[in-house]
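The file my_file-v2.csv comes next; it holds CSV, C-alpha atoms.
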chain,number,residue,atom,x,y,z
A,1,MET,CA,-78.8,26.2,-109.1
A,2,ARG,CA,-80.2,29.3,-107.3
A,3,ALA,CA,-79.6,27.7,-103.9
A,4,ILE,CA,-76.0,27.0,-104.7
A,5,ARG,CA,-75.4,30.6,-105.6
A,6,SER,CA,-77.1,31.9,-102.5
A,7,THR,CA,-75.0,29.5,-100.3
A,8,CYS,CA,-71.8,30.6,-102.0
A,9,PHE,CA,-72.7,34.2,-101.6
A,10,ALA,CA,-73.6,33.7,-97.9
A,11,ILE,CA,-70.2,32.1,-97.3
A,12,ALA,CA,-68.1,34.5,-99.5
A,13,VAL,CA,-69.4,37.8,-97.9
A,14,PRO,CA,-68.3,37.1,-94.3
A,15,LEU,CA,-65.0,35.7,-95.5
A,16,THR,CA,-64.3,38.8,-97.5
A,17,LEU,CA,-65.2,41.0,-94.6
A,18,VAL,CA,-62.9,39.1,-92.3
A,19,ALA,CA,-60.0,39.4,-94.8
A,20,CYS,CA,-60.5,43.1,-95.1
A,21,GLY,CA,-60.6,43.5,-91.3
A,22,SER,CA,-57.3,41.8,-90.7
A,23,SER,CA,-55.1,43.5,-93.3
A,24,GLY,CA,-52.2,44.3,-91.1
A,25,PRO,CA,-51.2,47.6,-89.6
A,26,ARG,CA,-53.4,50.7,-89.9
A,27,TYR,CA,-51.8,53.7,-91.4
A,28,VAL,CA,-52.6,57.2,-90.3
A,29,LYS,CA,-51.9,60.7,-91.6
A,30,GLN,CA,-53.0,63.9,-89.9
A,31,GLY,CA,-56.1,65.4,-91.6
A,32,ILE,CA,-56.7,62.3,-93.7
A,33,SER,CA,-59.9,60.2,-93.3
A,34,GLU,CA,-59.8,56.4,-93.0
A,35,GLU,CA,-61.4,56.1,-96.4
A,36,ASP,CA,-58.5,58.2,-98.0
A,37,ALA,CA,-56.0,56.0,-96.1
A,38,GLN,CA,-57.7,52.9,-97.6
A,39,THR,CA,-57.5,54.4,-101.0
A,40,ALA,CA,-53.8,55.1,-100.6
A,41,MET,CA,-53.3,51.5,-99.4
A,42,SER,CA,-55.2,50.1,-102.4
A,43,GLU,CA,-52.9,52.0,-104.7
A,44,CYS,CA,-49.8,50.5,-102.9
A,45,GLU,CA,-51.4,47.0,-103.1
A,46,TYR,CA,-52.1,47.5,-106.8
A,47,GLN,CA,-48.5,48.4,-107.5
A,48,ILE,CA,-47.2,45.5,-105.4
A,49,ARG,CA,-49.4,43.0,-107.3
A,50,LEU,CA,-48.8,44.6,-110.7
A,51,ASN,CA,-45.1,44.0,-110.2
A,52,LYS,CA,-45.6,40.5,-109.0
A,53,THR,CA,-43.6,41.2,-105.9
A,54,PRO,CA,-42.6,38.0,-103.9
A,55,LYS,CA,-44.6,37.5,-100.7
A,56,ALA,CA,-41.5,37.8,-98.6
A,57,GLU,CA,-41.0,41.4,-99.8
A,58,GLN,CA,-44.6,42.7,-99.8
A,59,ASP,CA,-44.9,43.9,-96.2
A,60,GLU,CA,-41.8,46.0,-96.5
A,61,LEU,CA,-42.8,47.5,-99.8
A,62,ARG,CA,-46.3,48.2,-98.5
A,63,ASN,CA,-44.8,50.1,-95.6
A,64,LEU,CA,-42.4,52.0,-97.8
A,65,CYS,CA,-45.1,52.9,-100.2
A,66,MET,CA,-47.4,54.2,-97.5
A,67,GLN,CA,-44.5,56.1,-95.9
A,68,GLY,CA,-43.8,57.7,-99.2
A,69,LYS,CA,-47.4,59.0,-99.3
A,70,GLY,CA,-46.8,60.5,-95.8
A,71,PHE,CA,-48.5,57.9,-93.7
A,72,ARG,CA,-47.2,56.3,-90.6
A,73,ALA,CA,-48.2,52.9,-89.1
A,74,GLY,CA,-50.7,53.6,-86.3
A,75,LYS,CA,-52.3,51.6,-83.6
Once more with this new file: its structure as structure tokens, please.
Amino acid sequence: MRAIRSTCFAIAVPLTLVACGSSGPRYVKQGISEEDAQTAMSECEYQIRLNKTPKAEQDELRNLCMQGKGFRAGK
């Protein structure tokens, strides 16, 4: 049982990191750290999921939410 847990953990961690690294455009705001930008994005993601927004509308709403917080899509 312990070996199964270790194997699952060894597989889940890299997959989680890959998913976090490919989350779409990066948003920037002058004077704001990347950690604060990630916090703002998490708030937007939470609202999108809480409202059970259809997948087709999520990207647009995410962008509008971040713009509403003063962020712009960066490179």
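Among the candidates A:Asn51, A:Pro25, A:Lys69, A:Asn63, the one nearest to A:Thr39 when counting all atoms listed in the file is A:Lys69.
Note that the spacing between atom CA of A:Gly74 and atom CA of A:Arg26 amounts to 5.4 Å.
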Interatomic distance (Å, one decimal) between atom CA of A:Asp59 and atom CA of A:Gln30 =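 Computing the Euclidean distance for atom CA of A:Asp59 and atom CA of A:Gln30 yields 22.5 Å.
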Spatial neighbours of A:Ala73, max dist 12 Å, all atoms listed in the file, sep filter under 6 positions, as a PyMOL selection string = chain A and resi 24-29+37+41+59-60+62-67
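Between atom CA of A:Glu35 and atom CA of A:Thr53 the separation is 25.1 Å.
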